[in-house]
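The structure file data.cif is reproduced below (mmCIF, C-alpha atoms and all ligand atoms).
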```cif
data_structure
loop_
_atom_site.label_atom_id
_atom_site.label_comp_id
_atom_site.auth_asym_id
_atom_site.auth_seq_id
_atom_site.Cartn_x
_atom_site.Cartn_y
_atom_site.Cartn_z
CA MET A 213 11.15 33.42 4.81
CA ALA A 214 14.67 34.62 5.70
CA ARG A 215 13.10 37.37 7.80
CA ALA A 216 10.98 34.82 9.68
CA ARG A 217 14.11 32.76 10.36
CA GLU A 218 15.95 35.83 11.70
CA MET A 219 13.02 36.53 14.02
CA GLN A 220 13.07 32.95 15.28
CA ASP A 221 16.81 33.13 16.00
CA LEU A 222 16.39 36.44 17.77
CA GLN A 223 13.59 35.10 19.94
CA ARG A 224 15.66 32.04 20.76
CA ARG A 225 18.66 34.14 21.81
CA GLU A 226 16.48 36.36 23.96
CA PHE A 227 14.92 33.32 25.60
CA LEU A 228 18.36 31.86 26.40
CA ARG A 229 19.52 35.20 27.85
CA TRP A 230 16.43 35.27 30.05
CA LEU A 231 16.95 31.65 31.07
CA THR A 232 20.54 32.17 32.18
CA ALA A 233 19.57 35.26 34.16
CA THR A 234 16.62 33.70 35.88
CA PRO A 235 16.77 32.26 39.43
CA PHE A 236 14.90 29.27 37.92
CA LEU A 237 18.23 27.86 36.71
CA THR A 238 19.90 28.43 40.09
CA THR A 239 17.13 26.36 41.63
CA LEU A 240 17.55 23.65 38.97
CA GLY A 241 21.29 23.61 39.74
CA GLY A 242 20.42 22.38 43.21
CA PHE A 243 18.73 19.41 41.58
CA GLY A 244 21.76 18.55 39.45
CA PHE A 245 20.63 20.46 36.38
CA GLY A 246 23.66 22.72 36.46
CA LYS A 247 25.29 21.04 33.47
CA VAL A 248 22.14 21.31 31.40
CA ALA A 249 21.88 24.95 32.25
CA GLY A 250 25.50 25.45 31.26
CA ALA A 251 24.96 23.74 27.96
CA ILE A 252 21.94 25.84 27.22
CA ALA A 253 23.80 28.97 28.16
CA GLN A 254 26.54 28.24 25.60
CA GLU A 255 24.15 29.29 22.86
CA ALA A 256 25.65 26.79 20.43
CA PRO A 257 24.57 27.82 16.94
CA THR A 258 21.56 25.72 16.02
CA ARG A 259 20.77 24.88 12.45
CA PRO A 260 17.31 26.08 11.50
CA LEU A 261 14.94 23.13 11.31
CA ASN A 262 13.99 23.71 7.72
CA SER A 263 17.51 24.10 6.31
CA LEU A 264 18.42 22.11 3.19
CA VAL A 265 20.54 18.98 3.47
CA THR A 266 24.01 19.47 2.04
CA SER A 267 24.83 15.84 1.24
CA SER A 268 22.82 12.81 0.22
CA GLN A 269 23.71 10.96 3.44
CA GLU A 270 22.19 13.74 5.52
CA ALA A 271 18.76 13.21 3.98
CA LEU A 272 16.22 11.69 6.34
CA ASP A 273 13.50 11.05 3.81
CA VAL A 274 12.93 11.53 0.09
CA PHE A 275 11.34 14.93 0.62
CA ASP A 276 14.72 16.31 1.73
CA PHE A 277 15.84 15.77 -1.87
CA GLU A 278 12.75 17.46 -3.26
CA LYS A 279 13.64 20.67 -1.42
CA VAL A 280 17.23 20.67 -2.69
CA ALA A 281 16.23 19.83 -6.27
CA GLU A 282 13.70 22.65 -6.30
CA GLN A 283 16.44 25.11 -5.34
CA THR A 284 19.04 23.60 -7.67
CA LEU A 285 17.29 22.93 -10.97
CA PRO A 286 16.54 25.46 -13.68
CA THR A 287 12.96 26.68 -13.28
CA ALA A 288 11.58 25.05 -16.45
CA HIS A 289 13.23 21.71 -15.64
CA TRP A 290 11.81 21.80 -12.13
CA GLY A 291 8.42 22.51 -13.67
CA TYR A 292 8.81 19.39 -15.84
CA ILE A 293 9.25 17.20 -12.73
CA LYS A 294 6.61 18.94 -10.66
CA THR A 295 3.81 19.18 -13.16
CA GLY A 296 0.58 17.23 -13.09
CA VAL A 297 -2.40 18.07 -15.31
CA ASP A 298 -5.25 20.55 -14.90
CA GLY A 299 -5.69 21.36 -11.21
CA GLU A 300 -3.45 18.40 -10.28
CA SER A 301 -6.10 16.49 -8.35
CA THR A 302 -4.92 13.14 -9.73
CA GLN A 303 -1.40 13.81 -8.52
CA ALA A 304 -2.62 15.00 -5.10
CA ASN A 305 -4.99 12.06 -4.74
CA ASN A 306 -2.20 9.56 -5.41
CA ARG A 307 -0.78 10.75 -2.09
CA ALA A 308 -4.07 11.40 -0.29
CA ALA A 309 -5.30 7.86 -0.95
CA LEU A 310 -2.09 6.42 0.48
CA GLU A 311 -2.45 8.58 3.57
CA ARG A 312 -6.00 7.28 4.14
CA ILE A 313 -4.81 3.66 4.25
CA TYR A 314 -3.54 2.49 7.61
CA ILE A 315 -1.49 -0.55 8.52
CA ARG A 316 -2.73 -3.19 10.97
CA ALA A 317 0.28 -3.95 13.14
CA ARG A 318 0.74 -7.44 14.56
CA ARG A 319 3.08 -8.17 17.48
CA LEU A 320 5.21 -11.00 18.86
CA ILE A 321 6.11 -12.42 15.46
CA ASP A 322 9.74 -13.35 14.72
CA VAL A 323 10.97 -10.62 12.41
CA SER A 324 14.68 -11.13 13.03
CA THR A 325 15.22 -11.87 9.33
CA LEU A 326 13.36 -10.20 6.49
CA ASP A 327 12.75 -11.44 2.97
CA MET A 328 11.77 -8.81 0.38
CA LYS A 329 12.66 -10.84 -2.69
CA VAL A 330 10.47 -10.73 -5.79
CA ASN A 331 10.69 -12.71 -8.99
CA LEU A 332 9.84 -11.13 -12.32
CA PHE A 333 10.01 -13.30 -15.43
CA GLY A 334 12.49 -15.69 -13.82
CA ARG A 335 14.84 -12.94 -12.62
CA GLU A 336 15.05 -12.47 -8.86
CA TRP A 337 15.28 -8.99 -7.36
CA PRO A 338 16.22 -8.39 -3.71
CA THR A 339 13.42 -5.87 -3.15
CA PRO A 340 10.12 -4.83 -4.73
CA LEU A 341 11.30 -1.26 -5.47
CA MET A 342 11.77 -0.28 -9.12
CA ILE A 343 12.83 2.79 -11.05
CA ALA A 344 10.06 4.11 -13.33
CA PRO A 345 10.90 5.54 -16.75
CA ALA A 346 11.38 9.30 -16.87
CA GLY A 347 12.45 11.34 -19.87
CA TYR A 348 15.32 13.78 -20.37
CA GLN A 349 17.30 13.07 -17.22
CA LYS A 350 20.21 15.23 -18.34
CA ALA A 351 17.85 18.10 -17.58
CA PHE A 352 18.29 17.20 -13.90
CA HIS A 353 21.99 16.32 -13.79
CA PRO A 354 24.76 16.27 -16.42
CA ASP A 355 25.16 12.47 -15.95
CA GLY A 356 21.40 11.96 -16.45
CA GLU A 357 20.33 8.37 -17.08
CA LEU A 358 23.91 7.13 -16.54
CA ALA A 359 23.84 8.32 -12.93
CA THR A 360 20.48 6.62 -12.44
CA ALA A 361 21.78 3.40 -14.03
CA ARG A 362 24.89 3.38 -11.85
CA ALA A 363 22.77 3.91 -8.74
CA ALA A 364 20.41 1.13 -9.86
CA ALA A 365 23.45 -1.13 -10.32
CA THR A 366 24.97 -0.31 -6.93
CA LYS A 367 21.70 -0.87 -5.11
CA ASN A 368 20.46 -3.64 -7.43
CA HIS A 369 17.12 -2.24 -8.55
CA LEU A 370 15.28 -2.77 -11.78
CA GLN A 371 15.39 0.28 -14.06
CA THR A 372 13.09 1.08 -16.95
CA LEU A 373 14.47 3.50 -19.52
CA SER A 374 12.25 6.06 -21.22
CA THR A 375 11.89 6.37 -25.01
CA VAL A 376 12.74 10.03 -24.53
CA THR A 377 15.93 9.22 -22.66
CA SER A 378 18.72 11.74 -23.10
CA THR A 379 21.27 8.87 -23.19
CA SER A 380 21.17 5.93 -25.61
CA VAL A 381 19.97 2.53 -24.46
CA GLU A 382 23.36 0.99 -25.27
CA GLU A 383 25.23 3.40 -22.97
CA VAL A 384 22.67 2.98 -20.19
CA ASN A 385 22.87 -0.82 -20.38
CA GLU A 386 26.61 -0.61 -20.04
CA ALA A 387 26.38 1.67 -17.00
CA ARG A 388 23.71 -0.57 -15.43
CA GLY A 389 25.82 -3.66 -16.06
CA GLU A 390 22.87 -5.52 -17.60
CA PRO A 391 20.09 -4.59 -20.03
CA VAL A 392 17.34 -2.40 -18.62
CA TRP A 393 13.65 -2.62 -19.44
CA TYR A 394 12.68 -0.27 -22.25
CA GLN A 395 9.60 1.97 -22.14
CA LEU A 396 8.05 2.49 -25.56
CA TYR A 397 6.19 5.50 -26.86
CA PRO A 398 5.36 4.19 -30.33
CA ARG A 399 6.51 6.25 -33.27
CA GLU A 400 3.84 7.85 -35.39
CA ASN A 401 4.75 5.43 -38.20
CA TRP A 402 5.08 1.66 -37.87
CA ASP A 403 8.51 1.40 -39.53
CA GLY A 404 9.91 3.79 -36.93
CA THR A 405 8.45 1.69 -34.11
CA VAL A 406 9.85 -1.51 -35.60
CA ALA A 407 13.31 0.05 -35.90
CA MET A 408 13.21 1.26 -32.29
CA VAL A 409 12.00 -2.07 -30.91
CA ASN A 410 14.67 -3.92 -32.95
CA ARG A 411 17.33 -1.65 -31.52
CA THR A 412 16.28 -2.38 -27.94
CA ARG A 413 16.09 -6.11 -28.63
CA GLU A 414 19.59 -6.09 -30.10
CA ALA A 415 20.73 -4.16 -27.02
CA GLY A 416 19.40 -7.08 -24.94
CA CYS A 417 16.43 -5.37 -23.24
CA PRO A 418 14.21 -8.25 -22.09
CA VAL A 419 11.02 -6.23 -21.69
CA ILE A 420 9.09 -3.58 -23.63
CA VAL A 421 6.88 -1.38 -21.46
CA LEU A 422 4.26 0.18 -23.71
CA THR A 423 2.93 3.39 -22.15
CA VAL A 424 -0.69 3.98 -23.12
CA ASP A 425 -1.87 6.74 -20.80
CA LEU A 426 -0.67 9.70 -22.87
CA ASN A 427 -2.27 8.73 -26.17
CA GLY A 428 -4.76 11.55 -25.93
CA GLY A 429 -2.23 14.22 -24.91
CA SER A 430 -2.05 15.94 -21.51
CA ASN A 431 -2.84 19.38 -20.16
CA ARG A 432 0.28 20.27 -18.12
CA LEU A 433 -0.41 23.74 -16.79
CA THR A 434 2.26 23.80 -14.09
CA LEU A 435 4.94 22.93 -16.66
CA GLU A 436 3.76 25.78 -18.86
CA ARG A 437 3.74 28.27 -15.97
CA TYR A 438 7.28 27.32 -14.91
CA ARG A 439 8.48 27.39 -18.52
CA ARG A 440 7.11 30.92 -18.92
CA SER A 441 8.92 32.12 -15.85
CA ASP A 442 12.26 30.75 -17.11
CA ASP A 443 13.88 33.31 -19.39
CA ARG A 444 16.78 31.12 -20.60
CA ASN A 445 16.89 30.26 -24.28
CA CYS A 446 15.55 26.70 -24.46
CA ASP A 447 16.52 26.38 -28.14
CA ILE A 448 20.19 26.11 -27.21
CA CYS A 449 19.55 22.58 -25.95
CA HIS A 450 16.22 21.72 -27.57
CA ARG A 451 17.36 22.98 -30.96
CA SER A 452 15.04 21.43 -33.45
CA GLY A 453 12.40 19.73 -31.32
CA GLY A 454 10.63 16.63 -32.61
CA ARG A 455 12.39 13.58 -33.99
CA ALA A 456 15.74 15.15 -34.73
CA ASP A 457 15.98 16.75 -31.30
CA PRO A 458 19.59 16.31 -30.15
CA VAL A 459 18.45 15.47 -26.62
CA LYS A 460 16.55 12.38 -27.86
CA PRO A 461 19.16 9.86 -29.01
CA MET A 462 16.63 7.04 -29.47
CA MET A 463 14.92 9.04 -32.23
CA ARG A 464 18.04 9.32 -34.35
CA GLY A 465 18.05 7.58 -37.71
CA LEU A 466 14.51 6.27 -37.49
CA PRO A 467 12.75 5.81 -40.82
CA SER A 468 9.88 8.20 -41.45
CA GLY A 469 6.63 7.28 -43.14
CA PRO A 470 2.89 7.85 -43.02
CA ARG A 471 1.33 8.18 -39.57
CA ASP A 472 -0.49 5.03 -38.60
CA ILE A 473 -1.75 5.48 -35.04
CA GLY A 474 -3.21 8.93 -35.43
CA ASP A 475 -2.10 12.33 -34.25
CA SER A 476 -1.79 13.43 -30.61
CA GLY A 477 0.84 10.84 -29.78
CA GLY A 478 -1.05 7.71 -30.71
CA ALA A 479 -4.73 8.61 -30.29
CA GLY A 480 -5.65 5.89 -32.77
CA MET A 481 -4.00 3.05 -30.84
CA THR A 482 -6.15 0.06 -29.80
CA TRP A 483 -5.50 -3.41 -28.32
CA GLU A 484 -4.72 -4.56 -31.84
CA TYR A 485 -1.41 -2.73 -31.44
CA ILE A 486 -0.28 -5.28 -28.85
CA HIS A 487 -0.59 -8.03 -31.43
CA ARG A 488 1.44 -6.04 -33.93
CA LEU A 489 4.15 -5.66 -31.33
CA ARG A 490 3.95 -9.34 -30.44
CA ASP A 491 4.55 -10.21 -34.08
CA ILE A 492 7.81 -8.29 -34.27
CA THR A 493 9.46 -9.19 -30.97
CA ASP A 494 9.91 -11.99 -28.48
CA GLN A 495 10.52 -9.49 -25.67
CA LYS A 496 8.01 -9.53 -22.82
CA ILE A 497 5.32 -6.87 -23.24
CA ILE A 498 3.96 -4.85 -20.34
CA VAL A 499 1.26 -2.21 -20.67
CA LYS A 500 1.82 0.86 -18.49
CA GLY A 501 -1.12 3.05 -17.61
CA LEU A 502 -3.98 0.62 -16.93
CA VAL A 503 -6.24 1.53 -14.01
CA THR A 504 -9.47 -0.49 -14.32
CA ARG A 505 -10.71 -4.05 -13.94
CA GLU A 506 -12.05 -4.01 -17.51
CA ASP A 507 -8.65 -3.18 -18.97
CA ALA A 508 -6.94 -5.72 -16.73
CA GLU A 509 -9.26 -8.38 -18.15
CA LEU A 510 -8.50 -7.22 -21.69
CA ALA A 511 -4.79 -7.33 -20.90
CA ILE A 512 -5.14 -11.01 -20.05
CA GLU A 513 -7.19 -11.62 -23.18
CA HIS A 514 -4.57 -9.96 -25.38
CA GLY A 515 -1.67 -11.88 -23.89
CA ILE A 516 0.13 -9.12 -21.98
CA ASP A 517 2.92 -10.35 -19.68
CA ALA A 518 2.40 -7.91 -16.80
CA ILE A 519 0.31 -4.88 -15.92
CA TRP A 520 1.75 -1.55 -14.83
CA VAL A 521 -0.92 0.34 -12.89
CA SER A 522 -0.13 3.99 -13.45
CA ASN A 523 -1.60 7.40 -14.14
CA HIS A 524 1.82 8.73 -15.09
CA GLY A 525 2.20 10.25 -11.63
CA GLY A 526 -0.89 12.41 -12.24
CA ARG A 527 0.67 13.80 -15.43
CA ALA A 528 -1.70 12.10 -17.87
CA GLU A 529 -5.38 12.49 -17.14
CA GLY A 530 -7.37 14.54 -14.64
CA SER A 531 -9.50 11.60 -13.49
CA GLY A 532 -8.70 12.32 -9.87
CA ARG A 533 -8.33 8.61 -9.16
CA ALA A 534 -5.33 7.38 -7.20
CA THR A 535 -3.44 4.35 -8.49
CA VAL A 536 -3.44 2.71 -5.08
CA ASP A 537 -7.25 2.88 -5.21
CA ALA A 538 -7.24 1.20 -8.63
CA LEU A 539 -5.15 -1.70 -7.31
CA PRO A 540 -7.83 -3.82 -5.57
CA GLU A 541 -10.04 -4.24 -8.65
CA ILE A 542 -7.03 -4.97 -10.82
CA ALA A 543 -5.57 -7.47 -8.37
CA ASP A 544 -8.97 -9.12 -8.22
CA ALA A 545 -9.21 -9.37 -12.03
CA ILE A 546 -5.65 -10.63 -12.43
CA SER A 547 -5.92 -13.07 -9.54
CA GLY A 548 -2.21 -13.90 -9.48
CA ARG A 549 -1.97 -14.65 -13.21
CA MET A 550 0.70 -12.02 -13.92
CA PRO A 551 2.85 -9.54 -12.04
CA ILE A 552 1.32 -6.17 -11.14
CA ILE A 553 3.58 -3.13 -11.00
CA VAL A 554 2.24 0.09 -9.56
CA ASP A 555 3.47 3.68 -9.38
CA GLY A 556 2.11 7.09 -8.43
CA GLY A 557 2.88 8.96 -5.23
CA PHE A 558 5.00 6.34 -3.43
CA ARG A 559 7.27 8.26 -1.07
CA ARG A 560 7.75 6.12 2.04
CA GLY A 561 8.35 2.51 3.02
CA THR A 562 4.86 2.43 4.50
CA ASP A 563 3.46 3.41 1.07
CA ILE A 564 5.24 0.48 -0.56
CA PHE A 565 3.87 -1.80 2.15
CA LYS A 566 0.32 -0.58 1.46
CA ALA A 567 0.64 -1.27 -2.28
CA ILE A 568 1.88 -4.80 -1.60
CA GLY A 569 -1.08 -5.19 0.76
CA ARG A 570 -3.39 -4.25 -2.09
CA GLY A 571 -1.91 -6.79 -4.46
CA ALA A 572 1.06 -5.12 -6.17
CA THR A 573 4.06 -7.29 -6.97
CA THR A 574 6.45 -4.36 -7.19
CA VAL A 575 6.32 -0.60 -6.70
CA ALA A 576 8.00 1.94 -8.98
CA ILE A 577 9.04 5.47 -8.16
CA GLY A 578 9.35 8.46 -10.49
CA ARG A 579 9.81 11.87 -8.90
CA PRO A 580 11.68 10.77 -5.75
CA TYR A 581 14.69 9.45 -7.65
CA LEU A 582 14.61 12.46 -9.97
CA TRP A 583 14.76 14.67 -6.86
CA GLY A 584 17.77 12.65 -5.72
CA LEU A 585 19.36 12.95 -9.15
CA GLY A 586 18.77 16.70 -9.36
CA ALA A 587 20.09 17.24 -5.84
CA PHE A 588 23.22 15.05 -5.75
CA GLY A 589 23.46 12.97 -8.95
CA GLN A 590 24.14 9.23 -8.60
CA GLU A 591 24.62 9.49 -4.82
CA GLY A 592 21.25 11.14 -4.47
CA VAL A 593 19.49 8.38 -6.41
CA GLU A 594 21.29 5.76 -4.32
CA ARG A 595 20.24 7.37 -1.08
CA VAL A 596 16.61 7.65 -2.21
CA LEU A 597 16.55 3.92 -2.96
CA GLU A 598 18.32 3.14 0.30
CA LEU A 599 15.96 5.26 2.41
CA LEU A 600 12.84 3.70 0.94
CA ILE A 601 14.15 0.18 1.53
CA GLU A 602 15.27 1.02 5.07
CA GLU A 603 11.81 2.41 5.73
CA LEU A 604 10.15 -0.67 4.26
CA ALA A 605 12.34 -2.89 6.44
CA ILE A 606 11.43 -0.92 9.58
CA THR A 607 7.76 -1.16 8.65
CA MET A 608 7.88 -4.90 8.01
CA ARG A 609 9.58 -5.50 11.35
CA ALA A 610 7.33 -3.11 13.24
CA VAL A 611 4.10 -4.69 12.05
CA GLY A 612 5.09 -8.35 12.10
CA THR A 613 5.46 -9.25 8.42
CA PRO A 614 8.86 -10.90 7.88
CA THR A 615 8.25 -11.63 4.18
CA LEU A 616 6.38 -9.87 1.40
CA ALA A 617 4.09 -12.90 1.21
CA ASP A 618 2.95 -12.10 4.77
CA ILE A 619 1.58 -8.75 3.60
CA GLY A 620 -1.99 -8.87 2.35
CA THR A 621 -5.37 -7.23 2.52
CA HIS A 622 -5.47 -8.29 6.19
CA SER A 623 -2.43 -6.02 6.81
CA ILE A 624 -4.17 -2.76 5.91
CA GLY A 625 -7.42 -0.85 6.31
CA VAL A 626 -8.92 2.42 5.22
CA GLU A 627 -9.88 5.34 7.40
CA PRO A 628 -13.54 6.17 6.85
CA ILE A 629 -13.96 9.72 5.63
CA GLU A 630 -16.03 11.31 8.38
CA PRO A 631 -18.88 13.52 7.19
CA GLU A 632 -18.24 17.13 8.08
CA VAL A 633 -20.14 18.17 11.19
CA GLU A 634 -21.66 21.60 11.19
CA GLU A 635 -20.89 23.61 14.27
C1 LIG B 1 9.76 14.12 -15.12
C2 LIG B 1 9.01 12.87 -15.45
C3 LIG B 1 9.18 12.31 -16.70
C4 LIG B 1 8.47 11.15 -17.02
N1 LIG B 1 8.69 10.56 -18.24
C5 LIG B 1 8.06 9.40 -18.54
C6 LIG B 1 8.33 8.75 -19.77
O1 LIG B 1 9.13 9.19 -20.58
N2 LIG B 1 7.65 7.60 -20.02
C7 LIG B 1 6.75 7.05 -19.14
O2 LIG B 1 6.15 6.01 -19.41
N3 LIG B 1 6.50 7.66 -17.95
C8 LIG B 1 7.13 8.81 -17.64
N4 LIG B 1 6.90 9.40 -16.43
C9 LIG B 1 5.97 8.77 -15.47
C10 LIG B 1 6.73 7.79 -14.55
O3 LIG B 1 7.17 6.67 -15.25
C11 LIG B 1 5.83 7.31 -13.41
O4 LIG B 1 4.67 6.76 -13.95
C12 LIG B 1 5.46 8.41 -12.41
O5 LIG B 1 6.49 9.33 -12.26
C13 LIG B 1 5.14 7.78 -11.06
O6 LIG B 1 4.65 8.72 -10.17
P1 LIG B 1 5.54 9.50 -9.08
O7 LIG B 1 6.36 10.50 -9.84
O8 LIG B 1 4.52 10.13 -8.22
O9 LIG B 1 6.40 8.49 -8.38
C14 LIG B 1 7.59 10.56 -16.10
C15 LIG B 1 7.44 11.15 -14.83
C16 LIG B 1 8.15 12.28 -14.50
C17 LIG B 1 7.97 12.87 -13.13
#
```
Give the structure from the file, written as structure tokens.
Amino acid sequence: MARAREMQDLQRREFLRWLTATPFLTTLGGFGFGKVAGAIAQEAPTRPLNSLVTSSQEALDVFDFEKVAEQTLPTAHWGYIKTGVDGESTQANNRAALERIYIRARRLIDVSTLDMKVNLFGREWPTPLMIAPAGYQKAFHPDGELATARAAATKNHLQTLSTVTSTSVEEVNEARGEPVWYQLYPRENWDGTVAMVNRTREAGCPVIVLTVDLNGGSNRLTLERYRRSDDRNCDICHRSGGRADPVKPMMRGLPSGPRDIGDSGGAGMTWEYIHRLRDITDQKIIVKGLVTREDAELAIEHGIDAIWVSNHGGRAEGSGRATVDALPEIADAISGRMPIIVDGGFRRGTDIFKAIGRGATTVAIGRPYLWGLGAFGQEGVERVLELLIEELAITMRAVGTPTLADIGTHSIGVEPIEPEVEE
């Protein structure tokens, strides 16, 4: 890589030397190009196109943060962000499906003011962009979830905190300036779950987001490969593992008891679990990880407050199905009766637009803000949020949709996949 860059620089210098020596420039001078020629001849040092950004403000899109985070983070921690499952087709298809959708641009519509506001459970948010729950954020930056919360506060975005947060919910709420939503991985025993839910309710969290897409476990090969190539001693931080793990403050002090939803992280859980939760809390309940019409209908039947369409960013199952492709059947089943949140592969303002076009109420991001966090801490997360909203604003103006309500199925289309033609 470095060698290739050296070669490029060398070729560039040789080209400039040739250009200044050639009569071509003398001729151009006659046409008033003398200044240009002079400027070229100065050989001002040019930054290689693929160099890393050195500050959050320099980033032009969220992928600039990905490159920095990859270079900055310890190998195993990078593997934890990067991993999907199996051959990672679900993760790849989250992106591929978005790329296949195009936007139908309308012209000559007054877009001088934009309205991106959304209302969730009576609380208004200025934009439809949310922060998805992600575990162990101190693995990406020493300030971890606090940096994310401060960025969410500065930019006014809704944040959902993971059960496996490396900072307690009380501290995160304080940094955010208001209670966050809390993502729940149920404990293996009911008393533990009750204690955890009570704690979040007392902390003021208005919403429990029950994640149901990992109940059968997940086959994260990339994580394992990166972990193997990292020769640091993981036990120094992850001393005891499991419930008493010092990097999992929400597990501390929970009562133990007999397992009641099976092994493998809740393999025995059914819809009945929602009713058990409903009986112990008045918080809103959202189910995260639904991807079919059938489950959307069951969610309505079982009194869920909102649906979170997710495949855990391709980290749960190897179905190969993109979340944006699951949206239409879910939106159809829900038919406006509850909010629909979606995540999985959203990296640009145009992606957010496409999800809204397919019926999402809001869009959540996972990896992009973790890239920002790993690269530049709070500032990085802020810039990621800012970039995506700037991009969404440009898109809305460019295609004639001044409000989110103007975006619908009529705003998008899908490229047909052409059959391969044999030569
Ligand atoms: C490093 C990492 C940790 C995650 N931890 C959790 C978690 O603790 N709970 C959860 O419900 N989802 C978790 N997720 C999934 C995200 O909430 C979200 O569904 C996913 O990241 C969205 O896809 P994207 O990363 O392509 O944006 C995690 C994702 C990543 C990348």
Measuring between only C-alpha atoms and all ligand atoms, which one of A:Thr325, A:Asn331, A:Thr372, A:Ser623 shows the shortest distance to ligand LIG 1 (chain B)? A:Thr372
Please report the interatomic distance between CA of Leu539 in chain A and CA of Thr573 in chain A in Å with one decimal. 10.8 Å
From the list A:Asn431, A:Gln395, A:Ser468, A:Gln269, which residue is nearest Gly530 in chain A when using all atoms listed in the file?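 Smallest separation from Gly530 in chain A among the options: A:Asn431.
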What does the list of residues within 9 Å of ligand LIG 1 (chain B) look like if you count only C-alpha atoms and all ligand atoms, written as a PyMOL selection string? chain A and resi 289-296+303+306-307+343-349+372-377+395-397+421-426+500-501+520-528+554-559+576-582
Radius query 6 Å about (9.6, 1.4, -31.2), atoms used: all atoms listed in the file, as an MDAnalysis selection string: chainID A and resid 396 398 405:406 408:409
Selected residue of minimal separation from Met342 in chain A among A:Ser378, A:Thr574, A:Thr504, A:Thr621, counting only C-alpha atoms: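 Answer, going by the shortest atom-to-atom distance: A:Thr574.
Each of A:Glu336, A:Ser380, A:Ile315, A:Gly389 was checked against Thr412 in chain A using all atoms listed in the file; the smallest atom-to-atom distance is that of A:Ser380.
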When you look at Leu326 in chain A with a cut-off of 9 Å (counting only C-alpha atoms), what residues show up, excluding the ones that are within fewer than 6 positions of it in the same chain? I need them as number ranges by chain. A: 605, 608-609, 613-616
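Straight-line separation from CA of Ala479 in chain A to CA of Val381 in chain A: 26.1 Å.
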Identify which of the residues A:Arg362, A:Lys367, A:Arg319, A:Arg259 lies closest to Gly589 in chain A, counting all atoms listed in the file when measuring atom-to-atom distances. A:Arg362
Have a look at A:Ile568, A:Leu272, A:Ala387, A:Met481 and name the one nearest to Asp618 in chain A; count only C-alpha atoms.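 So, comparing all the options, the nearest one is A:Ile568.
What separates CA of Glu602 in chain A from CA of Gly569 in chain A is a distance of 18.0 Å.
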Would you kindly place N, CA, C and O atoms on range 582-591 of chain A and return the model as a PDB file, keeping the file's coordinate frame?
```pdb
ATOM      1  N   LEU A 582      14.214  11.271  -9.192  1.00  0.00           N
ATOM      2  CA  LEU A 582      14.610  12.460  -9.970  1.00  0.00           C
ATOM      3  C   LEU A 582      15.013  13.597  -9.031  1.00  0.00           C
ATOM      4  O   LEU A 582      15.921  14.372  -9.322  1.00  0.00           O
ATOM      5  N   TRP A 583      14.337  13.687  -7.878  1.00  0.00           N
ATOM      6  CA  TRP A 583      14.760  14.670  -6.860  1.00  0.00           C
ATOM      7  C   TRP A 583      16.185  14.348  -6.407  1.00  0.00           C
ATOM      8  O   TRP A 583      17.033  15.240  -6.302  1.00  0.00           O
ATOM      9  N   GLY A 584      16.428  13.060  -6.145  1.00  0.00           N
ATOM     10  CA  GLY A 584      17.770  12.650  -5.720  1.00  0.00           C
ATOM     11  C   GLY A 584      18.807  12.965  -6.783  1.00  0.00           C
ATOM     12  O   GLY A 584      19.898  13.464  -6.484  1.00  0.00           O
ATOM     13  N   LEU A 585      18.449  12.698  -8.033  1.00  0.00           N
ATOM     14  CA  LEU A 585      19.360  12.950  -9.150  1.00  0.00           C
ATOM     15  C   LEU A 585      19.660  14.440  -9.274  1.00  0.00           C
ATOM     16  O   LEU A 585      20.816  14.854  -9.407  1.00  0.00           O
ATOM     17  N   GLY A 586      18.598  15.240  -9.224  1.00  0.00           N
ATOM     18  CA  GLY A 586      18.770  16.700  -9.360  1.00  0.00           C
ATOM     19  C   GLY A 586      19.576  17.275  -8.205  1.00  0.00           C
ATOM     20  O   GLY A 586      20.368  18.199  -8.383  1.00  0.00           O
ATOM     21  N   ALA A 587      19.414  16.694  -7.025  1.00  0.00           N
ATOM     22  CA  ALA A 587      20.090  17.240  -5.840  1.00  0.00           C
ATOM     23  C   ALA A 587      21.552  16.819  -5.785  1.00  0.00           C
ATOM     24  O   ALA A 587      22.438  17.661  -5.597  1.00  0.00           O
ATOM     25  N   PHE A 588      21.846  15.542  -5.963  1.00  0.00           N
ATOM     26  CA  PHE A 588      23.220  15.050  -5.750  1.00  0.00           C
ATOM     27  C   PHE A 588      23.675  14.008  -6.768  1.00  0.00           C
ATOM     28  O   PHE A 588      24.593  13.236  -6.495  1.00  0.00           O
ATOM     29  N   GLY A 589      23.034  13.929  -7.936  1.00  0.00           N
ATOM     30  CA  GLY A 589      23.460  12.970  -8.950  1.00  0.00           C
ATOM     31  C   GLY A 589      23.291  11.527  -8.476  1.00  0.00           C
ATOM     32  O   GLY A 589      22.364  11.199  -7.725  1.00  0.00           O
ATOM     33  N   GLN A 590      24.217  10.670  -8.918  1.00  0.00           N
ATOM     34  CA  GLN A 590      24.140   9.230  -8.600  1.00  0.00           C
ATOM     35  C   GLN A 590      23.945   8.986  -7.104  1.00  0.00           C
ATOM     36  O   GLN A 590      23.117   8.159  -6.690  1.00  0.00           O
ATOM     37  N   GLU A 591      24.718   9.706  -6.277  1.00  0.00           N
ATOM     38  CA  GLU A 591      24.620   9.490  -4.820  1.00  0.00           C
ATOM     39  C   GLU A 591      23.217   9.771  -4.300  1.00  0.00           C
ATOM     40  O   GLU A 591      22.732   9.110  -3.394  1.00  0.00           O
TER      41      GLU A 591
END
```
